[in-house]
Amino acid sequence: MTPQSRFAIGETDFELDGAPHRVLSGALHYFRVHPDLWADRIRKARLMGLNTIETYVAWNQHAPRQGEWTTAGGLDLGRFLDLVAAGGLHAIVRPGPYICAEWDNGGLPAWLFRDREVGIRRSEPRYVAAVSEYLRNVYEIVAPRQVDAGGPVVLVQIENEYGAYGSDKAYLAELVRVTREAGITVPLTTIDQPTPQMLADGSLPGLHLTGSFGSRTLERLETLREFQPTGPLVCMEFWCGWFDDWGSHHHTTDAAASAHELDLLLAAGGSVNIYMFHGGTNFGLTNGANDKGRYAPITTSYDYDAPLDEAGHPTEKFWAFREVISRYAPVPDEVPDAAAPAPVLEAPLVVGPSLLSAADVLGEELRHDRVPTFDELAHDRGVAVFRTRLDRGGPGVLTVGEEVRDRAWVLLDGVPVGVMSRDAHERSIALPDTRGELVLVVEDQGRVDYGARLGEHKGLIGGVALDGVPLADWGVRPIDLDRVPDVAASQPAPAARPTATATAEPTSPADAAHLAPALAGPVLARAVLDLEAPSDLFLDTLHWGKGLVWVNGFLLGRYWRRGPQRTLIVPAPVTRAGANEVVVLEFETFTDAAVRTLAAPELGHTEI
């Protein structure tokens with residue numbers, strides 16, 4: 001425990017033990033980084049010249065089911081804050097409860113909205129009660145780690161860009177009451193885009209206003225100062241990059257231009273939190289989505305074109321920002337090592353059982369007269385299989401009543417018929433025949449994280465009809481994805497086939513005999529990659545369709561041929577010396593049944 005300090009908001013600056021103090025912070029979300037890599041990323045923040053680490057807290061990760069609270073493994077917020085302190089840095093905690101962050105449901109737990117009458121981000125009793133319980137759990141971790149208790153935490157944020165959503169002052173006041181009652185004594189902040197209306201709606205007297213922007217810096221600071229004549233000027237989210245969604249392009253920003261805006265901010269005496277310093281990865285099924293007329297799910301990579309890339313290596317932006325910071329604060333002489341090439345490997349994919357043939361061991365089938373939503377099944381993320389029998393005969397049109405959320409593969413007697421996808425506003429499909437077993441494999445691709453569609457339900461919304469007649473008597477099976485690696489492991493083990501070359505070229509025809517033929521999904525497949533030592537890997541998904549990948553039982557996340565993201569990062573702590581098991585759930589088709597890794601990440605084209 002370090003000595004106690006006093007952190008306060010002064011007339012023009014933050015004050016640390018009575019002396020002016022500039023916050024030089026970087027965003028680092030502990031839940032997007034493998035916990036064995038936290039200390040490395042914190043160290044590299046210090047080497048760029050930062051003195052503070054900021055993090056959101058993801059409510060839906062810590063409370064995956066109502067009444068539960070977990071801080072296990074990668075959710076150990078206390079350990080993360082202790083590592084920040086051990087690295088000699090301060091911390092800013094932003095617990096929301098809503099965080100946006102391109103995160104599933106903006107961090108709000110899906111179980112909260114199974115009751116369609118519950119409020120969202122307002123003074124509704126059931127919502128406020130759940131939020132209060134969540135905040136008390138967070139503050140039990142944060143309160144003893146505040147700077148005045150000898151810990152690293154200097155600021156705590158109330159809500160998140162609330163002025164872009166609502167203006168319920170009683171709701172904000174209740175969050176402040178719960179926060180102070182839970183023992184939080186450090187200054188409290190709000191954040192909004194610096195427009196007059198958002199700043200007015202998202203603020204309360206006694207809370208320090210901060211802004212979110214990445215350009216037009218002097219203009220933004222002027223607006224902040226108009227609303228807040230005293231205290232430090234703070235950009236709590238200095239946007240130095242952007243996120244990607246499937247089907248778009250990989251977003252990058254000019255390092256020199258971002259560095260210039262940072263220089264303007266610091267020259268004006270401002271404090272900063274760089275969003276993101278290190279983006280990390282939306283591991284598992286944690287990505288969010290946007291829907292402003294077109295549904296756009298976020299990619300697995302959250303590289304964000306940040307100063308530290310997804311693998312934790314310094315980018316051009318790291319060095320540009322470090323040079324700017326050095327004009328205003330001491331910067332260590334030590335610098336991070338440059339990135340080294342990752343191992344390049346190749347192994348055959350052994351295609352195993354179809355998802356439908358393995359479904360009996362992947363979840364219990366329930367009978368329903370109508371198609372339930374995922375939320376009615378208490379199935380908050382992932383995949384579900386819906387079956388019924390058709391006995392009419394002849395062609396027909398299958399229609400979902402309101403909306404497909406978010407993708408449905410249609411099979412008739414096990415043969416793929418087609419896809420209905422939310423991003424294309426599809427909710428009907430022609431069937432070549434209306435006799436046989438109809439199966440719909442439905443994937444939730446991520447809950448909307450921003451705007452009016454927060455809290456919406458998932459699945460086939462509004463029921464399913466054939467030529468306008470509702471279909472009944474459904475077998476419904478929520479798929480337990482945690483069981484997939486074990487099911488795949490029950491297949492014969494393929495032989496590992498490492499490749500020593502520096503690049504991964506497609507397998508030659510002469511080598512193709514050992515590969516399983518390309519198969520239509522949904523299907524499970526398995527491979528083994530052999531490593532001399534644990535290492536970061538960049539798994540190449542170019543020749544796959546759409547699906548999920550596990551390495552040694554760890555769910556990396558989603559891949560999709562439409563891009564822009566081509567590689568999935570495998571963090572070194574997930575790997576091991578010797579055999580490493582790769583399991584794939586492919587929903588569509590493999591064009592080449594092999595697993596390959598590349599020497600460096602490929603996040604896709606940067607223009608469209």
# chains A, B, ... in the order shown; residues from 1 in each chain; ligands from 1
>>> closest_atom_pairs(of="segment 317-391 of chain A", to="segment 104-109 of chain A", cutoff="12 Å", atoms="only C-alpha atoms", output="CSV")
residue,atom,partner,partner_atom,distance
A:Asp375,CA,A:Pro109,CA,11.4
A:Ala378,CA,A:Pro109,CA,11.7
A:His379,CA,A:Pro109,CA,11.8
A:Asp380,CA,A:Pro109,CA,8.6
A:Arg381,CA,A:Asp104,CA,9.3
A:Gly382,CA,A:Asp104,CA,11.7
>>> residues_around(residues="Leu411 of chain A", least_positions_apart="4", cutoff="9 Å", atoms="only C-alpha atoms", output="PyMOL selection string")
chain A and resi 415-418+437-441
>>> write_last_selection(atoms="N, CA and C atoms", output="mmCIF file, in the first residue's frame")
data_model
loop_
_atom_site.group_PDB
_atom_site.id
_atom_site.type_symbol
_atom_site.label_atom_id
_atom_site.label_comp_id
_atom_site.auth_asym_id
_atom_site.auth_seq_id
_atom_site.Cartn_x
_atom_site.Cartn_y
_atom_site.Cartn_z
ATOM 1 N N VAL A 415 -30.260 -30.257 -45.573
ATOM 2 C CA VAL A 415 -29.637 -29.615 -46.730
ATOM 3 C C VAL A 415 -29.838 -28.103 -46.632
ATOM 4 N N PRO A 416 -28.749 -27.305 -46.705
ATOM 5 C CA PRO A 416 -28.906 -25.846 -46.627
ATOM 6 C C PRO A 416 -29.770 -25.297 -47.753
ATOM 7 N N VAL A 417 -30.720 -24.443 -47.379
ATOM 8 C CA VAL A 417 -31.598 -23.780 -48.344
ATOM 9 C C VAL A 417 -31.157 -22.336 -48.566
ATOM 10 N N GLY A 418 -30.741 -21.664 -47.493
ATOM 11 C CA GLY A 418 -30.332 -20.271 -47.612
ATOM 12 C C GLY A 418 -30.236 -19.625 -46.252
ATOM 13 N N GLU A 437 -38.078 -32.215 -42.554
ATOM 14 C CA GLU A 437 -37.690 -31.549 -41.312
ATOM 15 C C GLU A 437 -37.090 -30.177 -41.635
ATOM 16 N N LEU A 438 -37.717 -29.151 -41.111
ATOM 17 C CA LEU A 438 -37.234 -27.778 -41.260
ATOM 18 C C LEU A 438 -36.412 -27.423 -40.031
ATOM 19 N N VAL A 439 -35.204 -26.948 -40.248
ATOM 20 C CA VAL A 439 -34.320 -26.538 -39.158
ATOM 21 C C VAL A 439 -33.851 -25.112 -39.412
ATOM 22 N N LEU A 440 -33.927 -24.292 -38.375
ATOM 23 C CA LEU A 440 -33.382 -22.937 -38.402
ATOM 24 C C LEU A 440 -32.278 -22.850 -37.352
ATOM 25 N N VAL A 441 -31.071 -22.569 -37.782
ATOM 26 C CA VAL A 441 -29.941 -22.350 -36.872
ATOM 27 C C VAL A 441 -29.768 -20.840 -36.748
#
>>> select_by_dssp(residues="segment 277-425 of chain A", states="alpha helix (DSSP H)", output="list in words")
Glu316, Lys317, Phe318, Trp319, Ala320, Phe321, Arg322, Glu323, Val324 and Ile325 of chain A
>>> residues_around(residues="Phe374 of chain A", least_positions_apart="5", cutoff="10 Å", atoms="only C-alpha atoms", output="PyMOL selection string")
chain A and resi 114+379-384+405+442-444+457-461+478
>>> write_last_selection(atoms="C-alpha atoms", output="PDB file, in the first residue's frame")
ATOM      1  CA  ARG A 114     -36.457 -10.018 -20.025  1.00  0.00           C
ATOM      2  CA  HIS A 379     -30.288 -17.777 -23.536  1.00  0.00           C
ATOM      3  CA  ASP A 380     -28.510 -14.442 -23.576  1.00  0.00           C
ATOM      4  CA  ARG A 381     -25.774 -15.046 -26.151  1.00  0.00           C
ATOM      5  CA  GLY A 382     -24.897 -17.460 -28.890  1.00  0.00           C
ATOM      6  CA  VAL A 383     -26.761 -20.002 -31.009  1.00  0.00           C
ATOM      7  CA  ALA A 384     -30.036 -21.888 -30.875  1.00  0.00           C
ATOM      8  CA  ARG A 405     -31.940 -11.131 -34.847  1.00  0.00           C
ATOM      9  CA  VAL A 442     -30.049 -18.862 -35.357  1.00  0.00           C
ATOM     10  CA  GLU A 443     -27.043 -16.805 -34.258  1.00  0.00           C
ATOM     11  CA  ASP A 444     -27.061 -13.738 -32.042  1.00  0.00           C
ATOM     12  CA  HIS A 457     -34.549  -9.198 -27.419  1.00  0.00           C
ATOM     13  CA  LYS A 458     -32.781 -11.695 -29.678  1.00  0.00           C
ATOM     14  CA  GLY A 459     -33.830 -14.580 -31.913  1.00  0.00           C
ATOM     15  CA  LEU A 460     -36.725 -14.900 -34.357  1.00  0.00           C
ATOM     16  CA  ILE A 461     -38.959 -12.022 -33.347  1.00  0.00           C
ATOM     17  CA  PRO A 478     -30.208 -23.500 -26.963  1.00  0.00           C
TER      18      PRO A 478
END
>>> residues_around(residues="Glu602 of chain A", least_positions_apart="5", cutoff="7 Å", atoms="only C-alpha atoms", output="list in words")
Gln565, Arg566 and Thr567 of chain A
>>> atom_distance(atom1="atom CA of Asn273 of chain A", atom2="atom CA of Val234 of chain A")
8.0 Å
>>> residues_around(residues="His425 of chain A", least_positions_apart="6", cutoff="9 Å", atoms="only C-alpha atoms", output="list in words")
Arg294, Tyr295, Glu403 and Val404 of chain A
>>> residues_around(residues="segment 134-146 of chain A", least_positions_apart="5", cutoff="9 Å", atoms="only C-alpha atoms", output="JSON, numbers by chain")
{"A": [4, 57, 59, 62, 63, 69, 77, 78, 81, 82, 91, 93, 95, 96, 97, 129, 151, 152, 153, 154, 155, 175, 178, 179, 181, 182, 183, 184, 185, 186]}
>>> write_last_selection(atoms="N, CA and C atoms", output="PDB file, in the first residue's frame")
ATOM      1  N   GLN A   4      -1.053   7.494   1.622  1.00  0.00           N
ATOM      2  CA  GLN A   4      -2.299   8.158   1.247  1.00  0.00           C
ATOM      3  C   GLN A   4      -2.001   9.517   0.620  1.00  0.00           C
ATOM      4  N   VAL A  57     -16.005  -0.766 -16.605  1.00  0.00           N
ATOM      5  CA  VAL A  57     -16.370  -2.020 -15.952  1.00  0.00           C
ATOM      6  C   VAL A  57     -17.579  -2.565 -16.706  1.00  0.00           C
ATOM      7  N   TRP A  59     -20.677  -4.611 -16.695  1.00  0.00           N
ATOM      8  CA  TRP A  59     -21.668  -5.206 -15.790  1.00  0.00           C
ATOM      9  C   TRP A  59     -22.062  -6.607 -16.249  1.00  0.00           C
ATOM     10  N   HIS A  62     -19.515  -9.327 -15.300  1.00  0.00           N
ATOM     11  CA  HIS A  62     -19.428  -9.631 -13.868  1.00  0.00           C
ATOM     12  C   HIS A  62     -20.713 -10.264 -13.331  1.00  0.00           C
ATOM     13  N   ALA A  63     -21.834 -10.021 -13.982  1.00  0.00           N
ATOM     14  CA  ALA A  63     -23.123 -10.566 -13.528  1.00  0.00           C
ATOM     15  C   ALA A  63     -23.814 -11.242 -14.717  1.00  0.00           C
ATOM     16  N   TRP A  69     -22.442 -12.669  -9.122  1.00  0.00           N
ATOM     17  CA  TRP A  69     -21.372 -11.665  -9.226  1.00  0.00           C
ATOM     18  C   TRP A  69     -20.055 -12.404  -9.235  1.00  0.00           C
ATOM     19  N   LEU A  77     -11.054  -7.255 -11.244  1.00  0.00           N
ATOM     20  CA  LEU A  77     -10.817  -5.812 -11.281  1.00  0.00           C
ATOM     21  C   LEU A  77      -9.860  -5.384 -10.178  1.00  0.00           C
ATOM     22  N   GLY A  78      -9.978  -5.967  -9.003  1.00  0.00           N
ATOM     23  CA  GLY A  78      -9.082  -5.611  -7.905  1.00  0.00           C
ATOM     24  C   GLY A  78      -7.633  -5.889  -8.244  1.00  0.00           C
ATOM     25  N   LEU A  81      -6.378  -3.286 -10.779  1.00  0.00           N
ATOM     26  CA  LEU A  81      -6.059  -1.994 -10.154  1.00  0.00           C
ATOM     27  C   LEU A  81      -4.797  -2.090  -9.314  1.00  0.00           C
ATOM     28  N   ASP A  82      -4.579  -3.233  -8.686  1.00  0.00           N
ATOM     29  CA  ASP A  82      -3.352  -3.416  -7.908  1.00  0.00           C
ATOM     30  C   ASP A  82      -2.126  -3.426  -8.821  1.00  0.00           C
ATOM     31  N   ALA A  91      -5.332   5.419 -11.462  1.00  0.00           N
ATOM     32  CA  ALA A  91      -6.401   4.748 -12.201  1.00  0.00           C
ATOM     33  C   ALA A  91      -7.661   5.600 -12.198  1.00  0.00           C
ATOM     34  N   VAL A  93     -11.774   4.864 -12.918  1.00  0.00           N
ATOM     35  CA  VAL A  93     -12.744   3.777 -13.072  1.00  0.00           C
ATOM     36  C   VAL A  93     -14.053   4.362 -13.578  1.00  0.00           C
ATOM     37  N   PRO A  95     -17.603   2.880 -14.234  1.00  0.00           N
ATOM     38  CA  PRO A  95     -18.459   1.690 -14.125  1.00  0.00           C
ATOM     39  C   PRO A  95     -19.800   1.789 -14.824  1.00  0.00           C
ATOM     40  N   GLY A  96     -20.057   2.896 -15.509  1.00  0.00           N
ATOM     41  CA  GLY A  96     -21.357   3.020 -16.182  1.00  0.00           C
ATOM     42  C   GLY A  96     -22.469   3.351 -15.193  1.00  0.00           C
ATOM     43  N   PRO A  97     -23.533   2.538 -15.186  1.00  0.00           N
ATOM     44  CA  PRO A  97     -23.662   1.137 -15.593  1.00  0.00           C
ATOM     45  C   PRO A  97     -23.646   0.887 -17.095  1.00  0.00           C
ATOM     46  N   ALA A 129     -32.870  -0.393  -8.876  1.00  0.00           N
ATOM     47  CA  ALA A 129     -32.501  -1.372  -7.854  1.00  0.00           C
ATOM     48  C   ALA A 129     -31.378  -2.277  -8.340  1.00  0.00           C
ATOM     49  N   GLY A 151      -4.392   3.796  -2.452  1.00  0.00           N
ATOM     50  CA  GLY A 151      -4.533   3.063  -3.702  1.00  0.00           C
ATOM     51  C   GLY A 151      -4.346   3.950  -4.916  1.00  0.00           C
ATOM     52  N   PRO A 152      -4.633   3.445  -6.126  1.00  0.00           N
ATOM     53  CA  PRO A 152      -4.371   4.208  -7.348  1.00  0.00           C
ATOM     54  C   PRO A 152      -5.534   5.036  -7.873  1.00  0.00           C
ATOM     55  N   VAL A 153      -6.773   4.799  -7.419  1.00  0.00           N
ATOM     56  CA  VAL A 153      -7.952   5.373  -8.069  1.00  0.00           C
ATOM     57  C   VAL A 153      -8.102   6.853  -7.700  1.00  0.00           C
ATOM     58  N   VAL A 154      -8.130   7.719  -8.727  1.00  0.00           N
ATOM     59  CA  VAL A 154      -8.224   9.165  -8.489  1.00  0.00           C
ATOM     60  C   VAL A 154      -9.552   9.756  -8.951  1.00  0.00           C
ATOM     61  N   LEU A 155     -10.243   9.078  -9.879  1.00  0.00           N
ATOM     62  CA  LEU A 155     -11.517   9.590 -10.396  1.00  0.00           C
ATOM     63  C   LEU A 155     -12.470   8.423 -10.639  1.00  0.00           C
ATOM     64  N   LEU A 175     -27.575   7.776  -8.821  1.00  0.00           N
ATOM     65  CA  LEU A 175     -26.279   7.132  -9.016  1.00  0.00           C
ATOM     66  C   LEU A 175     -25.211   7.787  -8.140  1.00  0.00           C
ATOM     67  N   VAL A 178     -25.776   6.608  -4.466  1.00  0.00           N
ATOM     68  CA  VAL A 178     -25.295   5.241  -4.241  1.00  0.00           C
ATOM     69  C   VAL A 178     -23.770   5.213  -4.225  1.00  0.00           C
ATOM     70  N   THR A 179     -23.160   5.974  -5.108  1.00  0.00           N
ATOM     71  CA  THR A 179     -21.703   6.008  -5.201  1.00  0.00           C
ATOM     72  C   THR A 179     -21.081   6.558  -3.924  1.00  0.00           C
ATOM     73  N   GLU A 181     -22.520   6.838  -0.967  1.00  0.00           N
ATOM     74  CA  GLU A 181     -22.898   5.977   0.155  1.00  0.00           C
ATOM     75  C   GLU A 181     -22.014   4.730   0.232  1.00  0.00           C
ATOM     76  N   ALA A 182     -21.510   4.294  -0.928  1.00  0.00           N
ATOM     77  CA  ALA A 182     -20.647   3.110  -0.978  1.00  0.00           C
ATOM     78  C   ALA A 182     -19.199   3.419  -0.633  1.00  0.00           C
ATOM     79  N   GLY A 183     -18.918   4.662  -0.269  1.00  0.00           N
ATOM     80  CA  GLY A 183     -17.581   5.001   0.210  1.00  0.00           C
ATOM     81  C   GLY A 183     -16.651   5.604  -0.818  1.00  0.00           C
ATOM     82  N   ILE A 184     -17.174   6.024  -1.964  1.00  0.00           N
ATOM     83  CA  ILE A 184     -16.325   6.676  -2.975  1.00  0.00           C
ATOM     84  C   ILE A 184     -16.166   8.144  -2.596  1.00  0.00           C
ATOM     85  N   THR A 185     -14.932   8.549  -2.355  1.00  0.00           N
ATOM     86  CA  THR A 185     -14.629   9.901  -1.883  1.00  0.00           C
ATOM     87  C   THR A 185     -13.874  10.739  -2.912  1.00  0.00           C
ATOM     88  N   VAL A 186     -13.312  10.103  -3.938  1.00  0.00           N
ATOM     89  CA  VAL A 186     -12.564  10.858  -4.942  1.00  0.00           C
ATOM     90  C   VAL A 186     -13.542  11.673  -5.791  1.00  0.00           C
TER      91      VAL A 186
END
>>> residues_around(residues="segment 236-244 of chain A", least_positions_apart="4", cutoff="8 Å", atoms="only C-alpha atoms", output="ChimeraX atom specification")
/A:102,191,210-214,248-253,258,272-276,298-299,301-306,564
>>> write_last_selection(atoms="C-alpha atoms", output="short mmCIF file (atom, residue, chain, number, x, y, z; two decimals), in the first residue's frame")
data_model
loop_
_atom_site.label_atom_id
_atom_site.label_comp_id
_atom_site.auth_asym_id
_atom_site.auth_seq_id
_atom_site.Cartn_x
_atom_site.Cartn_y
_atom_site.Cartn_z
CA GLU A 102 -18.80 -1.30 -28.75
CA ILE A 191 -18.53 12.67 -19.92
CA THR A 210 -15.37 16.12 -19.26
CA GLY A 211 -15.56 15.78 -23.04
CA SER A 212 -15.19 13.10 -25.71
CA PHE A 213 -13.64 14.12 -29.03
CA GLY A 214 -10.67 13.52 -31.29
CA SER A 248 -17.06 -2.42 -43.67
CA HIS A 249 -13.33 -1.58 -43.64
CA HIS A 250 -10.50 -1.41 -41.12
CA HIS A 251 -10.51 2.10 -39.71
CA THR A 252 -7.23 3.97 -39.29
CA THR A 253 -6.39 7.55 -38.46
CA SER A 258 -3.81 12.70 -33.97
CA VAL A 272 -6.38 13.59 -21.35
CA ASN A 273 -7.49 9.98 -21.47
CA ILE A 274 -6.43 8.45 -24.79
CA TYR A 275 -9.21 6.20 -26.12
CA MET A 276 -7.89 3.65 -26.75
CA ILE A 298 -18.56 -5.17 -34.33
CA THR A 299 -15.58 -7.32 -35.28
CA SER A 301 -10.65 -7.36 -33.05
CA TYR A 302 -10.83 -4.13 -31.08
CA ASP A 303 -7.41 -2.98 -32.28
CA TYR A 304 -8.84 0.56 -32.69
CA ASP A 305 -5.68 1.68 -34.52
CA ALA A 306 -4.41 2.48 -31.03
CA PRO A 564 -12.42 -6.75 -43.03
#
>>> closest_residue(among="A:Arg389, A:Pro194, A:Ile608, A:Pro232", to="Asp13 of chain A", atoms="only C-alpha atoms")
A:Pro232
>>> atom_distance(atom1="atom CA of Leu366 of chain A", atom2="atom CA of Thr399 of chain A")
22.0 Å
>>> atom_distance(atom1="atom CA of His34 of chain A", atom2="atom CA of Ala110 of chain A")
23.9 Å
>>> select_by_dssp(residues="segment 370-602 of chain A", states="strand (DSSP E or B)", output="ChimeraX atom specification")
/A:383-391,396-400,403-405,407-412,415-421,428-431,435-443,448,459-461,464-466,469-470,474-478,520,523-531,537-540,546-551,554-560,567-570,578-586,589,594-598
